[in-house]
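Next comes entry_24.cif, with mmCIF, C-alpha atoms and all ligand atoms.
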data_query
loop_
_atom_site.label_atom_id
_atom_site.label_comp_id
_atom_site.auth_asym_id
_atom_site.auth_seq_id
_atom_site.Cartn_x
_atom_site.Cartn_y
_atom_site.Cartn_z
CA MET X 6 0.00 0.00 0.00
CA ASN X 7 1.08 3.56 -0.51
CA VAL X 8 2.46 5.99 2.03
CA ASN X 9 3.04 9.39 0.50
CA GLY X 10 3.00 7.70 -2.89
CA GLN X 11 5.66 5.09 -1.94
CA HIS X 12 4.77 1.40 -1.78
CA PHE X 13 5.25 -0.22 1.63
CA ARG X 14 4.59 -3.57 3.19
CA THR X 15 4.38 -3.79 6.98
CA ILE X 16 7.37 -6.11 7.45
CA TRP X 17 10.38 -6.89 5.25
CA LEU X 18 14.09 -7.72 5.29
CA LYS X 19 16.48 -4.77 5.23
CA PRO X 20 17.56 -4.57 1.57
CA ASP X 21 21.30 -4.24 2.27
CA ASP X 22 21.39 -6.50 5.35
CA PRO X 23 19.20 -9.63 5.38
CA THR X 24 19.99 -10.28 9.05
CA VAL X 25 17.76 -7.33 9.96
CA VAL X 26 13.94 -7.40 9.90
CA GLN X 27 12.30 -4.02 9.38
CA ILE X 28 8.79 -3.08 10.48
CA ILE X 29 6.59 -0.02 10.51
CA ASP X 30 6.27 0.84 14.20
CA GLN X 31 2.51 1.39 14.47
CA ARG X 32 2.54 3.12 17.84
CA PRO X 33 3.34 6.65 16.64
CA LEU X 34 0.89 6.52 13.71
CA PRO X 35 -0.83 8.54 12.34
CA HIS X 36 1.37 11.39 13.49
CA GLU X 37 4.80 9.97 12.78
CA PHE X 38 5.98 7.31 10.33
CA VAL X 39 8.77 5.31 11.97
CA ILE X 40 10.63 2.27 10.63
CA GLU X 41 12.22 0.02 13.25
CA ASP X 42 15.05 -2.52 12.90
CA LEU X 43 14.78 -5.87 14.71
CA THR X 44 17.61 -8.38 15.01
CA THR X 45 16.74 -10.67 17.94
CA VAL X 46 13.84 -12.77 19.21
CA PRO X 47 13.40 -10.66 22.40
CA GLU X 48 13.13 -7.57 20.18
CA MET X 49 10.53 -9.25 17.97
CA ALA X 50 8.62 -10.56 21.01
CA ALA X 51 8.54 -7.07 22.53
CA ALA X 52 7.42 -5.59 19.19
CA ILE X 53 4.47 -8.02 19.11
CA GLN X 54 3.55 -7.71 22.79
CA GLU X 55 3.78 -3.91 22.89
CA MET X 56 1.99 -3.68 19.54
CA HIS X 57 4.62 -2.06 17.34
CA VAL X 58 3.22 -4.71 15.01
CA ARG X 59 -0.30 -6.03 15.47
CA GLY X 60 -3.25 -7.54 13.62
CA ALA X 61 -3.84 -11.16 12.64
CA GLY X 62 -1.85 -11.58 9.43
CA LEU X 63 1.00 -9.33 10.45
CA ILE X 64 1.42 -11.21 13.73
CA GLY X 65 1.69 -14.41 11.67
CA ALA X 66 4.30 -12.85 9.40
CA ALA X 67 6.13 -11.47 12.45
CA ALA X 68 6.19 -14.98 13.88
CA GLY X 69 7.71 -16.20 10.60
CA TYR X 70 10.43 -13.54 10.59
CA GLY X 71 10.89 -13.93 14.36
CA MET X 72 11.66 -17.61 13.88
CA TYR X 73 14.13 -16.71 11.14
CA LEU X 74 15.87 -14.40 13.65
CA ALA X 75 15.77 -17.27 16.15
CA ALA X 76 17.53 -19.50 13.63
CA LEU X 77 20.15 -16.85 12.84
CA ASN X 78 20.93 -16.36 16.53
CA ALA X 79 20.73 -20.01 17.62
CA PRO X 80 23.92 -21.89 18.57
CA ARG X 81 25.52 -23.76 15.67
CA THR X 82 27.35 -26.21 17.92
CA SER X 83 25.03 -29.07 16.96
CA VAL X 84 21.67 -29.64 15.27
CA ALA X 85 20.26 -30.60 18.69
CA ASP X 86 21.41 -27.34 20.34
CA PHE X 87 20.07 -25.38 17.38
CA GLY X 88 16.72 -27.21 17.54
CA ALA X 89 16.33 -26.62 21.27
CA ALA X 90 17.03 -22.91 20.85
CA VAL X 91 14.49 -22.39 18.07
CA GLU X 92 11.85 -24.39 20.00
CA LEU X 93 12.38 -22.11 22.99
CA ALA X 94 12.18 -19.01 20.79
CA GLY X 95 8.89 -20.30 19.40
CA GLU X 96 7.48 -20.58 22.93
CA GLN X 97 8.65 -17.03 23.71
CA LEU X 98 6.98 -15.64 20.59
CA LYS X 99 3.73 -17.57 21.17
CA ALA X 100 3.50 -16.27 24.75
CA THR X 101 3.30 -12.64 23.62
CA ARG X 102 -0.38 -12.52 22.60
CA PRO X 103 -2.87 -15.33 23.21
CA THR X 104 -5.89 -14.54 21.03
CA ALA X 105 -4.47 -14.30 17.50
CA VAL X 106 -4.09 -17.84 16.17
CA ASN X 107 -1.77 -16.68 13.35
CA LEU X 108 1.04 -16.38 15.87
CA ALA X 109 1.13 -20.08 16.79
CA TRP X 110 0.43 -20.96 13.15
CA GLY X 111 3.48 -18.99 11.93
CA VAL X 112 5.75 -20.45 14.62
CA GLN X 113 4.65 -24.03 13.91
CA ARG X 114 5.07 -23.58 10.17
CA GLN X 115 8.67 -22.51 10.70
CA LEU X 116 9.40 -25.35 13.13
CA ASP X 117 8.03 -27.87 10.60
CA VAL X 118 10.03 -26.37 7.74
CA MET X 119 13.26 -26.32 9.76
CA ALA X 120 12.71 -29.91 10.92
CA ALA X 121 12.25 -31.04 7.30
CA ALA X 122 15.25 -29.10 5.95
CA GLY X 123 18.68 -30.75 5.42
CA ASP X 124 20.48 -32.14 8.44
CA ASP X 125 22.80 -29.20 8.94
CA VAL X 126 22.22 -25.86 10.64
CA GLU X 127 22.94 -23.74 7.54
CA SER X 128 20.20 -25.49 5.54
CA LYS X 129 17.75 -24.92 8.37
CA ILE X 130 18.57 -21.20 8.52
CA GLU X 131 18.13 -20.90 4.75
CA ALA X 132 14.81 -22.75 4.98
CA ALA X 133 13.60 -20.40 7.74
CA LEU X 134 14.54 -17.39 5.64
CA ARG X 135 12.67 -18.73 2.60
CA GLU X 136 9.62 -19.67 4.66
CA ALA X 137 9.42 -16.25 6.34
CA GLN X 138 9.25 -14.67 2.88
CA VAL X 139 6.69 -17.25 1.69
CA ILE X 140 4.45 -16.57 4.72
CA ALA X 141 4.60 -12.82 4.04
CA ASP X 142 3.99 -13.15 0.29
CA GLU X 143 1.15 -15.58 0.87
CA ASP X 144 -0.50 -13.25 3.38
CA ALA X 145 -0.42 -10.39 0.88
CA GLU X 146 -1.78 -12.58 -1.92
CA TRP X 147 -4.55 -14.04 0.25
CA CYS X 148 -5.66 -10.55 1.24
CA ARG X 149 -5.64 -9.46 -2.40
CA ARG X 150 -7.95 -12.39 -3.20
CA ILE X 151 -10.20 -11.55 -0.23
CA GLY X 152 -10.59 -8.17 -1.92
CA GLU X 153 -11.51 -9.80 -5.24
CA HIS X 154 -14.20 -11.95 -3.61
CA GLY X 155 -15.52 -9.35 -1.18
CA VAL X 156 -15.91 -6.60 -3.74
CA SER X 157 -18.90 -8.48 -5.19
CA LEU X 158 -20.83 -7.75 -1.97
CA ILE X 159 -20.15 -4.03 -2.26
CA GLU X 160 -20.96 -4.06 -5.98
CA ALA X 161 -24.31 -5.69 -5.23
CA VAL X 162 -25.23 -2.99 -2.70
CA SER X 163 -24.05 -0.30 -5.11
CA ARG X 164 -26.32 -1.62 -7.86
CA SER X 165 -29.27 -1.27 -5.48
CA LYS X 166 -28.58 2.45 -4.85
CA PRO X 167 -27.08 3.83 -8.07
CA GLY X 168 -25.00 6.98 -7.72
CA GLU X 169 -25.01 6.86 -3.92
CA PRO X 170 -22.04 5.73 -1.83
CA VAL X 171 -22.13 2.31 -0.21
CA ASN X 172 -21.82 2.88 3.55
CA ILE X 173 -19.58 0.30 5.17
CA LEU X 174 -18.94 0.12 8.91
CA THR X 175 -15.71 -1.41 10.18
CA HIS X 176 -14.26 -1.95 13.62
CA CYS X 177 -10.62 -1.80 14.75
CA ASN X 178 -7.96 -2.03 12.05
CA ALA X 179 -8.20 -4.99 9.73
CA GLY X 180 -6.42 -2.99 7.07
CA TRP X 181 -3.04 -3.40 5.41
CA LEU X 182 -1.34 -2.41 8.66
CA ALA X 183 -2.83 -5.52 10.28
CA PHE X 184 -1.49 -7.75 7.50
CA VAL X 185 1.46 -7.64 5.14
CA ASP X 186 -0.51 -5.73 2.50
CA TYR X 187 -4.14 -4.93 1.44
CA GLY X 188 -5.77 -5.94 4.73
CA SER X 189 -8.71 -8.30 5.19
CA ALA X 190 -11.78 -6.14 5.92
CA THR X 191 -10.36 -3.25 3.91
CA ALA X 192 -9.34 -5.30 0.85
CA PRO X 193 -12.88 -5.34 -0.64
CA ILE X 194 -13.19 -1.64 0.18
CA TYR X 195 -9.95 -0.75 -1.62
CA ALA X 196 -10.97 -2.97 -4.55
CA ALA X 197 -14.36 -1.23 -4.79
CA HIS X 198 -12.85 2.24 -4.51
CA ASP X 199 -10.23 1.42 -7.16
CA ARG X 200 -13.00 0.23 -9.52
CA GLY X 201 -14.79 3.54 -9.16
CA ILE X 202 -17.61 2.27 -6.93
CA PRO X 203 -18.51 5.09 -4.53
CA VAL X 204 -17.89 3.96 -0.95
CA HIS X 205 -17.89 5.65 2.42
CA VAL X 206 -16.50 3.97 5.54
CA TRP X 207 -17.71 4.50 9.11
CA VAL X 208 -14.57 3.92 11.18
CA ASP X 209 -15.18 2.87 14.81
CA GLU X 210 -12.55 4.60 16.95
CA THR X 211 -11.96 1.27 18.82
CA ARG X 212 -11.11 2.14 22.38
CA PRO X 213 -8.91 1.70 24.24
CA ARG X 214 -6.03 1.69 21.74
CA ASN X 215 -7.94 3.48 19.01
CA GLN X 216 -6.76 1.32 16.12
CA GLY X 217 -9.73 2.61 14.08
CA ALA X 218 -9.23 6.30 14.78
CA ARG X 219 -5.45 6.14 14.42
CA LEU X 220 -4.71 3.40 11.90
CA THR X 221 -7.76 2.65 9.75
CA ALA X 222 -8.47 6.35 9.30
CA TRP X 223 -4.81 6.95 8.34
CA GLU X 224 -4.81 4.11 5.81
CA LEU X 225 -8.08 5.16 4.20
CA ASN X 226 -6.85 8.74 4.07
CA GLU X 227 -3.60 7.71 2.37
CA HIS X 228 -5.61 5.78 -0.22
CA GLY X 229 -8.17 8.56 -0.72
CA VAL X 230 -11.17 6.53 0.49
CA PRO X 231 -13.99 8.70 1.93
CA HIS X 232 -14.50 7.88 5.61
CA THR X 233 -15.75 9.25 8.91
CA VAL X 234 -14.40 8.35 12.35
CA ILE X 235 -17.12 7.66 14.92
CA ALA X 236 -17.11 6.91 18.63
CA ASP X 237 -17.54 3.23 19.36
CA ASN X 238 -21.13 3.58 20.53
CA VAL X 239 -22.48 5.27 17.39
CA GLY X 240 -22.92 2.23 15.11
CA GLY X 241 -26.30 1.09 16.48
CA HIS X 242 -27.82 4.53 15.94
CA LEU X 243 -26.49 4.69 12.37
CA MET X 244 -27.89 1.25 11.60
CA GLN X 245 -31.34 2.16 12.96
CA HIS X 246 -31.41 5.11 10.57
CA GLY X 247 -30.38 3.23 7.44
CA LEU X 248 -26.92 4.76 7.33
CA VAL X 249 -25.00 1.48 7.25
CA ASP X 250 -25.38 -0.84 4.22
CA ILE X 251 -22.94 -3.51 5.31
CA VAL X 252 -20.54 -4.23 8.19
CA ILE X 253 -17.16 -5.81 7.37
CA THR X 254 -14.71 -6.62 10.16
CA GLY X 255 -11.58 -8.70 10.51
CA THR X 256 -10.91 -11.44 13.04
CA ASP X 257 -8.02 -12.71 15.13
CA ARG X 258 -9.31 -16.28 15.44
CA THR X 259 -12.37 -17.90 13.89
CA THR X 260 -13.42 -21.43 14.76
CA TYR X 261 -14.12 -23.91 11.96
CA THR X 262 -17.74 -23.60 13.07
CA GLY X 263 -17.79 -19.87 12.30
CA ASP X 264 -17.55 -18.22 15.73
CA VAL X 265 -15.53 -15.03 15.34
CA GLY X 266 -12.99 -13.73 17.87
CA ASN X 267 -12.21 -10.09 17.14
CA LYS X 268 -11.41 -6.77 18.78
CA ILE X 269 -13.54 -5.95 21.81
CA GLY X 270 -16.83 -4.35 20.77
CA THR X 271 -17.34 -6.43 17.61
CA TYR X 272 -20.05 -8.54 19.27
CA LEU X 273 -22.15 -5.46 20.09
CA LYS X 274 -21.94 -4.32 16.45
CA ALA X 275 -23.08 -7.75 15.30
CA LEU X 276 -26.07 -7.61 17.67
CA ALA X 277 -27.04 -4.17 16.38
CA ALA X 278 -26.59 -5.34 12.78
CA ARG X 279 -28.88 -8.34 13.35
CA ASP X 280 -31.55 -6.15 14.97
CA ASN X 281 -31.48 -3.84 11.95
CA ASN X 282 -31.11 -6.40 9.14
CA VAL X 283 -27.70 -5.07 8.20
CA PRO X 284 -25.45 -7.78 6.70
CA PHE X 285 -22.46 -8.52 8.94
CA TYR X 286 -19.44 -10.02 7.14
CA VAL X 287 -16.06 -11.07 8.49
CA ALA X 288 -12.99 -11.17 6.24
CA LEU X 289 -10.12 -13.55 6.96
CA PRO X 290 -7.36 -15.54 5.34
CA SER X 291 -7.37 -19.27 6.10
CA SER X 292 -4.41 -18.76 8.46
CA THR X 293 -6.88 -17.21 10.94
CA PHE X 294 -9.14 -20.27 11.21
CA ASP X 295 -8.64 -22.43 14.26
CA TRP X 296 -9.21 -25.90 12.82
CA GLU X 297 -9.31 -27.51 16.28
CA MET X 298 -11.76 -25.22 18.04
CA ARG X 299 -15.52 -25.75 17.90
CA ASP X 300 -16.95 -23.39 20.55
CA GLY X 301 -15.58 -19.85 20.16
CA VAL X 302 -17.31 -18.30 23.19
CA GLY X 303 -16.12 -21.06 25.47
CA GLU X 304 -12.68 -21.69 24.06
CA ILE X 305 -11.08 -18.69 22.34
CA PRO X 306 -8.56 -17.26 24.82
CA ILE X 307 -9.32 -13.60 25.45
CA GLU X 308 -6.27 -11.43 26.05
CA GLN X 309 -6.52 -9.07 29.01
CA ARG X 310 -4.12 -6.18 28.71
CA ASP X 311 -2.93 -3.68 31.27
CA GLY X 312 -5.61 -1.31 32.61
CA THR X 313 -3.38 1.68 31.88
CA GLU X 314 -4.46 1.40 28.23
CA VAL X 315 -8.00 2.24 29.38
CA LYS X 316 -7.04 4.88 31.92
CA TYR X 317 -4.71 6.86 29.65
CA ILE X 318 -5.10 8.15 26.12
CA SER X 319 -2.30 9.04 23.73
CA GLY X 320 -2.30 11.69 21.03
CA TRP X 321 -0.41 14.57 19.49
CA ALA X 322 0.00 18.06 20.97
CA ASP X 323 2.57 20.82 20.56
CA ASP X 324 4.30 18.85 17.82
CA GLN X 325 4.93 15.83 19.97
CA ARG X 326 3.37 12.62 21.15
CA CYS X 327 1.78 12.81 24.58
CA THR X 328 -0.26 10.64 26.93
CA VAL X 329 -2.82 11.94 29.41
CA LEU X 330 -4.78 10.40 32.28
CA LEU X 331 -8.55 10.14 31.61
CA THR X 332 -9.91 8.57 34.78
CA PRO X 333 -9.50 9.23 38.48
CA ALA X 334 -5.95 8.11 39.20
CA ASP X 335 -7.13 5.50 41.69
CA SER X 336 -9.97 3.93 39.67
CA PRO X 337 -9.17 0.38 38.66
CA ALA X 338 -9.68 -0.44 34.98
CA ALA X 339 -10.31 -3.74 33.19
CA ASN X 340 -9.00 -4.23 29.68
CA TYR X 341 -10.55 -7.17 27.83
CA ALA X 342 -9.00 -6.88 24.39
CA PHE X 343 -11.26 -9.22 22.36
CA ASP X 344 -14.75 -10.70 22.29
CA VAL X 345 -16.46 -13.49 20.41
CA THR X 346 -19.35 -13.06 18.00
CA PRO X 347 -21.31 -16.31 17.67
CA ALA X 348 -21.63 -17.68 14.14
CA ARG X 349 -25.42 -17.18 14.16
CA LEU X 350 -24.87 -13.39 14.03
CA VAL X 351 -22.42 -13.55 11.10
CA THR X 352 -23.89 -13.29 7.60
CA GLY X 353 -20.82 -14.73 5.91
CA LEU X 354 -17.06 -15.15 5.88
CA ILE X 355 -14.95 -13.66 3.09
CA THR X 356 -11.85 -15.79 2.54
CA GLU X 357 -9.16 -16.11 -0.11
CA ARG X 358 -11.13 -19.03 -1.58
CA GLY X 359 -14.48 -17.27 -1.69
CA ILE X 360 -17.41 -16.35 0.53
CA CYS X 361 -19.06 -18.96 2.73
CA ALA X 362 -21.62 -19.28 5.48
CA ALA X 363 -20.30 -18.93 9.02
CA SER X 364 -20.97 -22.57 9.81
CA GLU X 365 -19.11 -25.86 9.90
CA GLU X 366 -20.58 -26.88 6.51
CA GLY X 367 -19.81 -23.50 5.00
CA VAL X 368 -16.21 -23.36 6.20
CA LEU X 369 -15.35 -27.01 5.52
CA GLY X 370 -17.07 -26.73 2.13
CA LEU X 371 -14.39 -24.21 1.14
CA TYR X 372 -11.58 -26.05 2.97
CA PRO X 373 -12.45 -29.76 2.55
CA GLU X 374 -8.85 -30.79 3.34
CA GLN X 375 -9.53 -29.72 6.95
CA ARG X 376 -12.33 -32.28 7.43
CA LYS X 377 -11.41 -34.74 10.14
CA GLU X 378 -11.90 -38.45 9.54
CA GLY X 379 -14.92 -40.04 11.24
O1 LIG P 1 -5.05 -5.90 19.37
P1 LIG P 1 -4.85 -5.84 17.90
O2 LIG P 1 -4.84 -4.48 17.33
O3 LIG P 1 -3.70 -6.69 17.41
O4 LIG P 1 -6.17 -6.50 17.40
C1 LIG P 1 -6.23 -7.26 16.33
C2 LIG P 1 -6.93 -6.57 15.28
O5 LIG P 1 -6.29 -5.91 14.49
C3 LIG P 1 -8.37 -6.62 15.19
O6 LIG P 1 -9.01 -7.37 16.13
C4 LIG P 1 -8.78 -6.87 13.78
O7 LIG P 1 -10.09 -6.52 13.64
C5 LIG P 1 -8.60 -8.29 13.36
S1 LIG P 1 -7.01 -8.66 12.90
C6 LIG P 1 -7.02 -8.20 11.27
#
Using the file provided, produce a representation of the structure as structure tokens.
Amino acid sequence: MNVNGQHFRTIWLKPDDPTVVQIIDQRPLPHEFVIEDLTTVPEMAAAIQEMHVRGAGLIGAAAGYGMYLAALNAPRTSVADFGAAVELAGEQLKATRPTAVNLAWGVQRQLDVMAAAGDDVESKIEAALREAQVIADEDAEWCRRIGEHGVSLIEAVSRSKPGEPVNILTHCNAGWLAFVDYGSATAPIYAAHDRGIPVHVWVDETRPRNQGARLTAWELNEHGVPHTVIADNVGGHLMQHGLVDIVITGTDRTTYTGDVGNKIGTYLKALAARDNNVPFYVALPSSTFDWEMRDGVGEIPIEQRDGTEVKYISGWADDQRCTVLLTPADSPAANYAFDVTPARLVTGLITERGICAASEEGVLGLYPEQRKEG
């Protein structure tokens, strides 16, 4: 995607030094654009945990590159020592954020690839490097395809109201910043905009970290997509008054039965959408399905982050970043970072293979290789 007219991905290898992974540090956005160098697993783990990088697909790609850094820094004394070190690094990376399934998926993919590579450390390092790039390229391509499939939904609404913009509501940031490129929820929006279909996006601010107000709004602005930032509680009112044609969100983990784990507040938007007959779609690459989990509400681990994220708010004043206290200093705050929207409230899932019902038959119909025997 473009930043000031220059194409960027969210994670890449430093062109003149492939031992360095570079990322866009998302914390200072939209006010400052900062590129950060990472060379060790603890640095990558901190970048994931403290949300320099965030979002389902990008966390998966960060896991891929993090495991490559693990391989580069692992002892070369023996294959056994090397293997033990990369296993440990995988555990460290997986412990950073519990809800997004892409993290464990990216780590496991690298462990499998390294185990299958030639019986010497150098081959394993080369394999980890190649796989990190494959994971990143695949993520970008899957998101591009999500855009190709999802645009049909926006086109259909547009045909029903010629000349008027299609109003799309989204929550959090499931844009290109949350992936390697394109985004999941935003991919159909960018595809529609680029085809000349008039769209307008309602951007939920997404307290407490304001990924909508800071990141989605910045992305849409850079791409020239008309949008309006709204407080998190506005969506229901807009839906009651016919001002939302379709909701499209991302997800951090979706069960093979169609229950959707996503940023806190998504469930309430799905309830409001159902009450107002507004279609509620979720866009995801297959790397975000949990093929083992049946009951999302009961089983998806919900990350609880530090209460300071609720009590303080960060912004830009006097040409610098600043953070201010919102609440009484002594008030305790709870910070549940995700919730689960049951499949029955989800109109459909937009994947790289097409659009399906949020149900076991729908999902396994698109991904038959995931059917379990018996
Ligand atoms: O806590 P975050 O910002 O990493 O949350 C993840 C998300 O970006 C959202 O939940 C998003 O809607 C799904 S991931 C594309």
Distance limit 7 Å, reference ligand LIG 1 (chain P), atoms considered: only C-alpha atoms and all ligand atoms. Which residues make the cut? Give them as a list of chain:residue names.
X:Met56, X:Arg59, X:Gly60, X:Ala61, X:Gly62, X:His176, X:Cys177, X:Asn178, X:Ala179, X:Gly180, X:Ala183, X:Phe184, X:Ser189, X:Gln216, X:Thr254, X:Gly255, X:Thr256, X:Asp257, X:Asn267, X:Lys268, X:Ala342, X:Phe343
Grab the atom CA of Trp207 of chain X to atom CA of Pro284 of chain X distance for me, in Å with one decimal place.
14.7 Å
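Interatomic distance, atom CA of Ala288 of chain X to atom CA of Ala192 of chain X: 8.8 Å.
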With 7 Å as the threshold, what does the neighbourhood of (2.7, -9.4, 17.5) contain in terms of residues, counting all atoms listed in the file? Coordinates are those of the file; answer as a JSON list (two decimals) with C-alpha atoms, keeping the file's coordinate frame.
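Final output, saved to selection.json:
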[["chain", "number", "residue", "atom", "x", "y", "z"],
["X", 50, "ALA", "CA", 8.62, -10.56, 21.01],
["X", 52, "ALA", "CA", 7.42, -5.59, 19.19],
["X", 53, "ILE", "CA", 4.47, -8.02, 19.11],
["X", 54, "GLN", "CA", 3.55, -7.71, 22.79],
["X", 56, "MET", "CA", 1.99, -3.68, 19.54],
["X", 58, "VAL", "CA", 3.22, -4.71, 15.01],
["X", 59, "ARG", "CA", -0.30, -6.03, 15.47],
["X", 64, "ILE", "CA", 1.42, -11.21, 13.73],
["X", 67, "ALA", "CA", 6.13, -11.47, 12.45],
["X", 101, "THR", "CA", 3.30, -12.64, 23.62],
["X", 102, "ARG", "CA", -0.38, -12.52, 22.60]]
Quick one, how far is atom CA of Ala222 of chain X from atom CA of Val156 of chain X?
19.8 Å
Choose the residue, out of X:Glu48, X:Ala161, X:Met298, X:Tyr70, that has the smallest atom-to-atom separation from Lys19 of chain X; count all atoms listed in the file.
X:Tyr70
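Excluding His242 of chain X itself and any same-chain residue fewer than 6 positions from it, the protein and nucleic acid residues within 10 Å of it, counting all atoms listed in the file, are Leu248, Val249, Ala277 and Asn281 of chain X.
Considering the residues X:Asp250, X:Asp30, X:Asp311, X:Glu365 and counting all atoms listed in the file, Val283 of chain X has its shortest atom-to-atom contact with X:Asp250.
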Need to verify the contact set: segment 163-170 of chain X, 7 Å, all atoms listed in the file, exclusion of same-chain residues closer than 6 positions in sequence. Can you return it as a VMD selection string?
chain X and resid 203 to 205
Report the centre and edge lengths, in Å to one decimal, of an axis-aligned box enclosing every atom of segment 325-344 of chain X listed in the file, padded by 5 Å on each side, as lines of an AutoDock Vina configuration file.
center_x = -4.9
center_y = 2.6
center_z = 30.8
size_x = 29.7
size_y = 36.5
size_z = 31.7
